[in-house]
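Have a look at query-v2.cif; it's mmCIF, N, CA and C atoms:
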```cif
data_my_file
#
loop_
_atom_site.label_atom_id
_atom_site.label_comp_id
_atom_site.auth_asym_id
_atom_site.auth_seq_id
_atom_site.Cartn_x
_atom_site.Cartn_y
_atom_site.Cartn_z
N MET A 1 -16.24 9.02 -2.57
CA MET A 1 -15.17 8.05 -2.61
C MET A 1 -13.91 8.71 -3.15
N THR A 2 -12.80 8.36 -2.54
CA THR A 2 -11.52 8.96 -2.87
C THR A 2 -10.55 7.88 -3.30
N THR A 3 -9.67 8.22 -4.24
CA THR A 3 -8.58 7.33 -4.62
C THR A 3 -7.29 7.89 -4.04
N TYR A 4 -6.56 7.05 -3.32
CA TYR A 4 -5.30 7.42 -2.71
C TYR A 4 -4.17 6.68 -3.40
N ARG A 5 -3.08 7.39 -3.70
CA ARG A 5 -1.91 6.74 -4.29
C ARG A 5 -0.87 6.56 -3.18
N ILE A 6 -0.48 5.32 -2.93
CA ILE A 6 0.52 5.00 -1.90
C ILE A 6 1.91 5.21 -2.49
N VAL A 7 2.75 6.00 -1.79
CA VAL A 7 4.09 6.29 -2.29
C VAL A 7 5.20 5.69 -1.44
N CYS A 8 4.87 5.26 -0.20
CA CYS A 8 5.87 4.65 0.66
C CYS A 8 5.17 3.81 1.72
N VAL A 9 5.94 2.92 2.35
CA VAL A 9 5.38 2.02 3.35
C VAL A 9 6.30 1.92 4.57
N LYS A 10 5.71 1.60 5.71
CA LYS A 10 6.46 1.21 6.91
C LYS A 10 6.10 -0.23 7.20
N THR A 11 7.12 -1.04 7.45
CA THR A 11 6.89 -2.46 7.67
C THR A 11 7.33 -2.89 9.06
N GLN A 12 6.89 -4.09 9.43
CA GLN A 12 7.20 -4.67 10.73
C GLN A 12 7.51 -6.15 10.53
N HIS A 13 8.45 -6.66 11.29
CA HIS A 13 8.77 -8.08 11.21
C HIS A 13 7.75 -8.88 12.00
N PRO A 14 7.55 -10.15 11.80
CA PRO A 14 8.51 -11.06 11.18
C PRO A 14 8.36 -11.24 9.68
N HIS A 15 7.23 -10.85 9.08
CA HIS A 15 7.02 -11.13 7.66
C HIS A 15 7.00 -9.86 6.81
N ARG A 16 7.57 -8.79 7.30
CA ARG A 16 7.54 -7.50 6.62
C ARG A 16 6.11 -7.00 6.40
N HIS A 17 5.26 -7.20 7.40
CA HIS A 17 3.89 -6.69 7.30
C HIS A 17 3.94 -5.18 7.15
N ILE A 18 3.11 -4.66 6.28
CA ILE A 18 2.98 -3.21 6.17
C ILE A 18 2.09 -2.75 7.32
N VAL A 19 2.59 -1.81 8.11
CA VAL A 19 1.82 -1.32 9.25
C VAL A 19 1.26 0.08 9.02
N SER A 20 1.85 0.82 8.06
CA SER A 20 1.30 2.12 7.68
C SER A 20 1.82 2.47 6.30
N VAL A 21 1.11 3.40 5.66
CA VAL A 21 1.48 3.83 4.31
C VAL A 21 1.47 5.35 4.25
N GLY A 22 2.26 5.88 3.33
CA GLY A 22 2.24 7.30 3.03
C GLY A 22 1.51 7.49 1.71
N VAL A 23 0.55 8.41 1.69
CA VAL A 23 -0.19 8.66 0.46
C VAL A 23 0.25 9.98 -0.16
N GLU A 24 0.18 10.01 -1.48
CA GLU A 24 0.69 11.11 -2.28
C GLU A 24 0.01 12.44 -1.98
N GLY A 25 0.85 13.46 -2.01
CA GLY A 25 0.35 14.83 -1.90
C GLY A 25 0.55 15.53 -3.23
N THR A 26 1.05 16.75 -3.19
CA THR A 26 1.27 17.49 -4.43
C THR A 26 2.50 16.99 -5.17
N SER A 27 3.45 16.41 -4.46
CA SER A 27 4.62 15.80 -5.09
C SER A 27 4.39 14.30 -5.14
N ALA A 28 4.79 13.67 -6.22
CA ALA A 28 4.56 12.23 -6.37
C ALA A 28 5.41 11.39 -5.42
N THR A 29 6.41 11.98 -4.79
CA THR A 29 7.29 11.19 -3.93
C THR A 29 7.22 11.56 -2.46
N ILE A 30 6.56 12.63 -2.12
CA ILE A 30 6.50 13.07 -0.72
C ILE A 30 5.10 12.78 -0.18
N PRO A 31 5.00 11.93 0.85
CA PRO A 31 3.67 11.64 1.38
C PRO A 31 3.08 12.86 2.08
N VAL A 32 1.83 13.12 1.83
CA VAL A 32 1.15 14.23 2.48
C VAL A 32 0.47 13.75 3.75
N GLN A 33 0.22 12.44 3.81
CA GLN A 33 -0.49 11.89 4.96
C GLN A 33 -0.04 10.45 5.18
N MET A 34 0.15 10.09 6.44
CA MET A 34 0.42 8.71 6.80
C MET A 34 -0.89 8.09 7.29
N MET A 35 -1.11 6.84 6.91
CA MET A 35 -2.31 6.12 7.34
C MET A 35 -1.90 4.77 7.90
N THR A 36 -2.51 4.40 9.01
CA THR A 36 -2.26 3.08 9.59
C THR A 36 -2.99 2.03 8.75
N MET A 37 -2.62 0.78 8.97
CA MET A 37 -3.28 -0.31 8.26
C MET A 37 -4.77 -0.34 8.59
N ALA A 38 -5.12 -0.09 9.84
CA ALA A 38 -6.53 -0.09 10.23
C ALA A 38 -7.30 0.99 9.46
N THR A 39 -6.70 2.16 9.28
CA THR A 39 -7.35 3.24 8.55
C THR A 39 -7.52 2.89 7.08
N VAL A 40 -6.47 2.33 6.47
CA VAL A 40 -6.54 1.95 5.05
C VAL A 40 -7.64 0.91 4.86
N ARG A 41 -7.66 -0.10 5.69
CA ARG A 41 -8.66 -1.17 5.54
C ARG A 41 -10.08 -0.62 5.78
N TYR A 42 -10.24 0.26 6.74
CA TYR A 42 -11.54 0.89 7.01
C TYR A 42 -12.00 1.69 5.80
N ARG A 43 -11.09 2.47 5.22
CA ARG A 43 -11.45 3.29 4.06
C ARG A 43 -11.80 2.44 2.85
N ILE A 44 -11.10 1.32 2.66
CA ILE A 44 -11.45 0.40 1.57
C ILE A 44 -12.86 -0.14 1.79
N ASP A 45 -13.16 -0.53 3.04
CA ASP A 45 -14.51 -1.03 3.36
C ASP A 45 -15.59 0.00 3.06
N ASN A 46 -15.23 1.29 3.16
CA ASN A 46 -16.20 2.35 2.96
C ASN A 46 -16.15 2.97 1.56
N GLY A 47 -15.53 2.27 0.62
CA GLY A 47 -15.60 2.69 -0.78
C GLY A 47 -14.42 3.43 -1.35
N ASP A 48 -13.44 3.79 -0.53
CA ASP A 48 -12.25 4.45 -1.06
C ASP A 48 -11.36 3.42 -1.74
N THR A 49 -10.52 3.87 -2.65
CA THR A 49 -9.59 2.96 -3.32
C THR A 49 -8.17 3.43 -3.08
N PHE A 50 -7.26 2.47 -3.10
CA PHE A 50 -5.84 2.72 -2.94
C PHE A 50 -5.12 2.09 -4.12
N GLU A 51 -4.05 2.75 -4.56
CA GLU A 51 -3.28 2.24 -5.68
C GLU A 51 -1.82 2.62 -5.51
N THR A 52 -0.99 1.95 -6.29
CA THR A 52 0.42 2.32 -6.40
C THR A 52 0.66 2.70 -7.86
N TYR A 53 1.82 3.28 -8.14
CA TYR A 53 2.11 3.75 -9.51
C TYR A 53 3.51 3.34 -9.92
N SER A 54 3.63 2.90 -11.16
CA SER A 54 4.93 2.56 -11.74
C SER A 54 5.40 3.69 -12.63
N PRO A 55 6.45 4.41 -12.21
CA PRO A 55 6.98 5.47 -13.08
C PRO A 55 7.58 4.90 -14.37
N SER A 56 8.15 3.71 -14.31
CA SER A 56 8.82 3.15 -15.49
C SER A 56 7.82 2.71 -16.56
N MET A 57 6.67 2.18 -16.15
CA MET A 57 5.69 1.68 -17.11
C MET A 57 4.42 2.54 -17.17
N ARG A 58 4.34 3.53 -16.28
CA ARG A 58 3.17 4.40 -16.20
C ARG A 58 1.88 3.60 -16.00
N LYS A 59 1.98 2.63 -15.08
CA LYS A 59 0.84 1.77 -14.77
C LYS A 59 0.52 1.85 -13.28
N THR A 60 -0.75 1.79 -12.96
CA THR A 60 -1.16 1.72 -11.57
C THR A 60 -1.49 0.27 -11.22
N ALA A 61 -1.41 -0.01 -9.94
CA ALA A 61 -1.81 -1.33 -9.43
C ALA A 61 -2.78 -1.09 -8.29
N ARG A 62 -3.92 -1.72 -8.33
CA ARG A 62 -4.94 -1.60 -7.29
C ARG A 62 -4.48 -2.31 -6.03
N VAL A 63 -4.85 -1.78 -4.88
CA VAL A 63 -4.52 -2.37 -3.58
C VAL A 63 -5.80 -2.89 -2.95
N TRP A 64 -5.72 -4.06 -2.33
CA TRP A 64 -6.89 -4.63 -1.67
C TRP A 64 -6.50 -5.23 -0.32
N LYS A 65 -7.53 -5.51 0.48
CA LYS A 65 -7.34 -6.11 1.80
C LYS A 65 -7.05 -7.59 1.65
N ASP A 66 -6.23 -8.11 2.59
CA ASP A 66 -5.92 -9.53 2.60
C ASP A 66 -5.50 -9.90 4.01
N THR A 67 -5.19 -11.17 4.21
CA THR A 67 -4.66 -11.67 5.47
C THR A 67 -3.33 -12.33 5.18
N CYS A 68 -2.38 -12.20 6.08
CA CYS A 68 -1.05 -12.80 5.92
C CYS A 68 -1.18 -14.28 5.58
N LYS A 69 -0.40 -14.73 4.62
CA LYS A 69 -0.47 -16.13 4.15
C LYS A 69 0.54 -17.05 4.84
N GLU A 70 1.37 -16.51 5.73
CA GLU A 70 2.33 -17.36 6.44
C GLU A 70 1.58 -18.28 7.40
N PRO A 71 2.01 -19.53 7.53
CA PRO A 71 1.34 -20.47 8.44
C PRO A 71 1.24 -19.92 9.87
N GLY A 72 0.03 -19.92 10.40
CA GLY A 72 -0.19 -19.47 11.77
C GLY A 72 -0.33 -17.96 11.94
N CYS A 73 -0.15 -17.21 10.88
CA CYS A 73 -0.22 -15.75 10.96
C CYS A 73 -1.60 -15.29 10.51
N THR A 74 -2.22 -14.43 11.28
CA THR A 74 -3.54 -13.91 10.92
C THR A 74 -3.55 -12.39 10.82
N PHE A 75 -2.38 -11.78 10.63
CA PHE A 75 -2.25 -10.34 10.55
C PHE A 75 -3.03 -9.80 9.35
N ASN A 76 -3.82 -8.76 9.56
CA ASN A 76 -4.55 -8.12 8.47
C ASN A 76 -3.61 -7.23 7.68
N VAL A 77 -3.54 -7.45 6.37
CA VAL A 77 -2.59 -6.76 5.51
C VAL A 77 -3.30 -6.19 4.29
N ILE A 78 -2.51 -5.54 3.44
CA ILE A 78 -2.98 -5.12 2.12
C ILE A 78 -2.01 -5.67 1.09
N ARG A 79 -2.48 -5.83 -0.12
CA ARG A 79 -1.65 -6.33 -1.21
C ARG A 79 -1.93 -5.51 -2.46
N SER A 80 -0.93 -5.47 -3.35
CA SER A 80 -1.14 -4.83 -4.64
C SER A 80 -1.32 -5.91 -5.69
N HIS A 81 -2.01 -5.55 -6.75
CA HIS A 81 -2.28 -6.48 -7.84
C HIS A 81 -0.98 -6.91 -8.49
N ALA A 82 -0.81 -8.20 -8.70
CA ALA A 82 0.39 -8.73 -9.35
C ALA A 82 0.28 -8.49 -10.86
N ASP A 83 1.09 -7.58 -11.37
CA ASP A 83 1.01 -7.26 -12.80
C ASP A 83 2.38 -7.31 -13.48
N ALA A 84 3.36 -7.92 -12.83
CA ALA A 84 4.71 -8.09 -13.38
C ALA A 84 5.46 -6.78 -13.55
N VAL A 85 5.03 -5.73 -12.86
CA VAL A 85 5.75 -4.46 -12.87
C VAL A 85 6.30 -4.25 -11.47
N ALA A 86 7.61 -4.33 -11.34
CA ALA A 86 8.23 -4.32 -10.02
C ALA A 86 8.04 -3.02 -9.26
N ASP A 87 8.10 -1.86 -9.93
CA ASP A 87 8.11 -0.61 -9.17
C ASP A 87 6.73 -0.10 -8.77
N ASN A 88 5.67 -0.86 -9.03
CA ASN A 88 4.38 -0.49 -8.44
C ASN A 88 3.88 -1.54 -7.45
N ASN A 89 4.75 -2.46 -7.08
CA ASN A 89 4.42 -3.48 -6.10
C ASN A 89 4.62 -2.91 -4.70
N LEU A 90 3.66 -3.09 -3.81
CA LEU A 90 3.78 -2.57 -2.44
C LEU A 90 5.08 -3.02 -1.77
N ASP A 91 5.48 -4.26 -2.01
CA ASP A 91 6.69 -4.78 -1.39
C ASP A 91 7.94 -4.08 -1.85
N ASN A 92 7.90 -3.38 -2.97
CA ASN A 92 9.09 -2.72 -3.52
C ASN A 92 9.08 -1.21 -3.34
N LEU A 93 8.05 -0.66 -2.72
CA LEU A 93 8.01 0.79 -2.50
C LEU A 93 9.05 1.17 -1.45
N ARG A 94 9.46 2.40 -1.51
CA ARG A 94 10.46 2.89 -0.54
C ARG A 94 9.86 2.94 0.86
N THR A 95 10.74 2.99 1.84
CA THR A 95 10.33 3.08 3.24
C THR A 95 9.99 4.52 3.57
N CYS A 96 8.86 4.74 4.23
CA CYS A 96 8.49 6.09 4.69
C CYS A 96 9.43 6.49 5.80
N ARG A 97 9.75 7.75 5.85
CA ARG A 97 10.64 8.28 6.91
C ARG A 97 9.86 8.97 7.98
#
```
Show this structure as structure tokens.
Amino acid sequence: MTTYRIVCVKTQHPHRHIVSVGVEGTSATIPVQMMTMATVRYRIDNGDTFETYSPSMRKTARVWKDTCKEPGCTFNVIRSHADAVADNNLDNLRTCR
């Protein structure tokens, strides 16, 4: 089992669904690998863990599988644990290039 730290995200409208993530390499800000949502969800199902990191508070937030909560939307998504730390929230991570 591997733990991956997500450092950036790519989103898609209409609800800013995360469609892929960049995971940390040797630098905390440069993704070494991009993973699609299907890959992330598959790896979670198989025992791997994903997290984000708050540089300001030095806290990690666990990421888990979920489904979009917008009415009528069934898109498979991931979410980070709500811990009141803005810079480790998936929604606040920078956009992958």
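Using only C-alpha atoms, the smallest distance between any of A:Asn88, A:Val9, A:Ile18, A:Val32 and Pro55 (chain A) comes from A:Asn88.
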With a distance cut-off of 5 Å and only N, CA and C atoms, select the neighbouring residues of region 42-52 of chain A, excluding the residue or stretch itself and same-chain residues fewer than 3 positions from it, and output the selection as a list in words. Met1, Thr2, Thr3, Tyr4, Arg5, Ile6, Ala38, Thr39, Thr60, Ala61, Arg62, Val63 and Asn88 of chain A
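Going from CA of Gln33 (chain A) to CA of Val7 (chain A) covers 10.2 Å.
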Minimum-distance residue to Pro71 (chain A), chosen among A:His15, A:Lys10, A:Thr95, A:Met37 (using only C-alpha atoms): A:His15
Which one of A:Thr67, A:Ser20, A:Ser56, A:Asn92 sits closest to Met34 (chain A) if you count all atoms listed in the file?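 When distances to Met34 (chain A) are compared using all atoms listed in the file, the smallest one comes from A:Ser20.
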So that I can see what lies close to Asp66 (chain A), please list as a PDB file with N, CA and C atoms, in the coordinates of the input the residues with an atom at most 8 Å from it, counting only C-alpha atoms and leaving out residues fewer than 5 positions away in the same chain.
```
ATOM      1  N   ASN A  76      -3.820  -8.760   9.560  1.00  0.00           N
ATOM      2  CA  ASN A  76      -4.550  -8.120   8.470  1.00  0.00           C
ATOM      3  C   ASN A  76      -3.610  -7.230   7.680  1.00  0.00           C
ATOM      4  N   VAL A  77      -3.540  -7.450   6.370  1.00  0.00           N
ATOM      5  CA  VAL A  77      -2.590  -6.760   5.510  1.00  0.00           C
ATOM      6  C   VAL A  77      -3.300  -6.190   4.290  1.00  0.00           C
ATOM      7  N   ILE A  78      -2.510  -5.540   3.440  1.00  0.00           N
ATOM      8  CA  ILE A  78      -2.980  -5.120   2.120  1.00  0.00           C
ATOM      9  C   ILE A  78      -2.010  -5.670   1.090  1.00  0.00           C
ATOM     10  N   ARG A  79      -2.480  -5.830  -0.120  1.00  0.00           N
ATOM     11  CA  ARG A  79      -1.650  -6.330  -1.210  1.00  0.00           C
ATOM     12  C   ARG A  79      -1.930  -5.510  -2.460  1.00  0.00           C
TER      13      ARG A  79
END
```
Just give me the gap between atom C of His13 (chain A) and atom C of Asn89 (chain A) in Å, one decimal is fine. 18.0 Å
Kindly give the distance, in Å, that separates atom N of Arg41 (chain A) and atom N of Val19 (chain A), rounded to a single decimal.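 Separation between atom N of Arg41 (chain A) and atom N of Val19 (chain A): 10.7 Å.
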Could you go through region 24-58 of chain A and tell me which residues DSSP, when run on the backbone, assigns to strand (DSSP E), listing them as a count of residues only? 13
Looking at A:Ser54, A:Cys96, A:Cys8, A:His17, which one is nearest to Phe75 (chain A), with distances taken over all atoms listed in the file? A:His17
If you count only C-alpha atoms, the residue of A:Thr11, A:His81, A:Val40, A:Arg16 closest to Cys68 (chain A) turns out to be A:Arg16
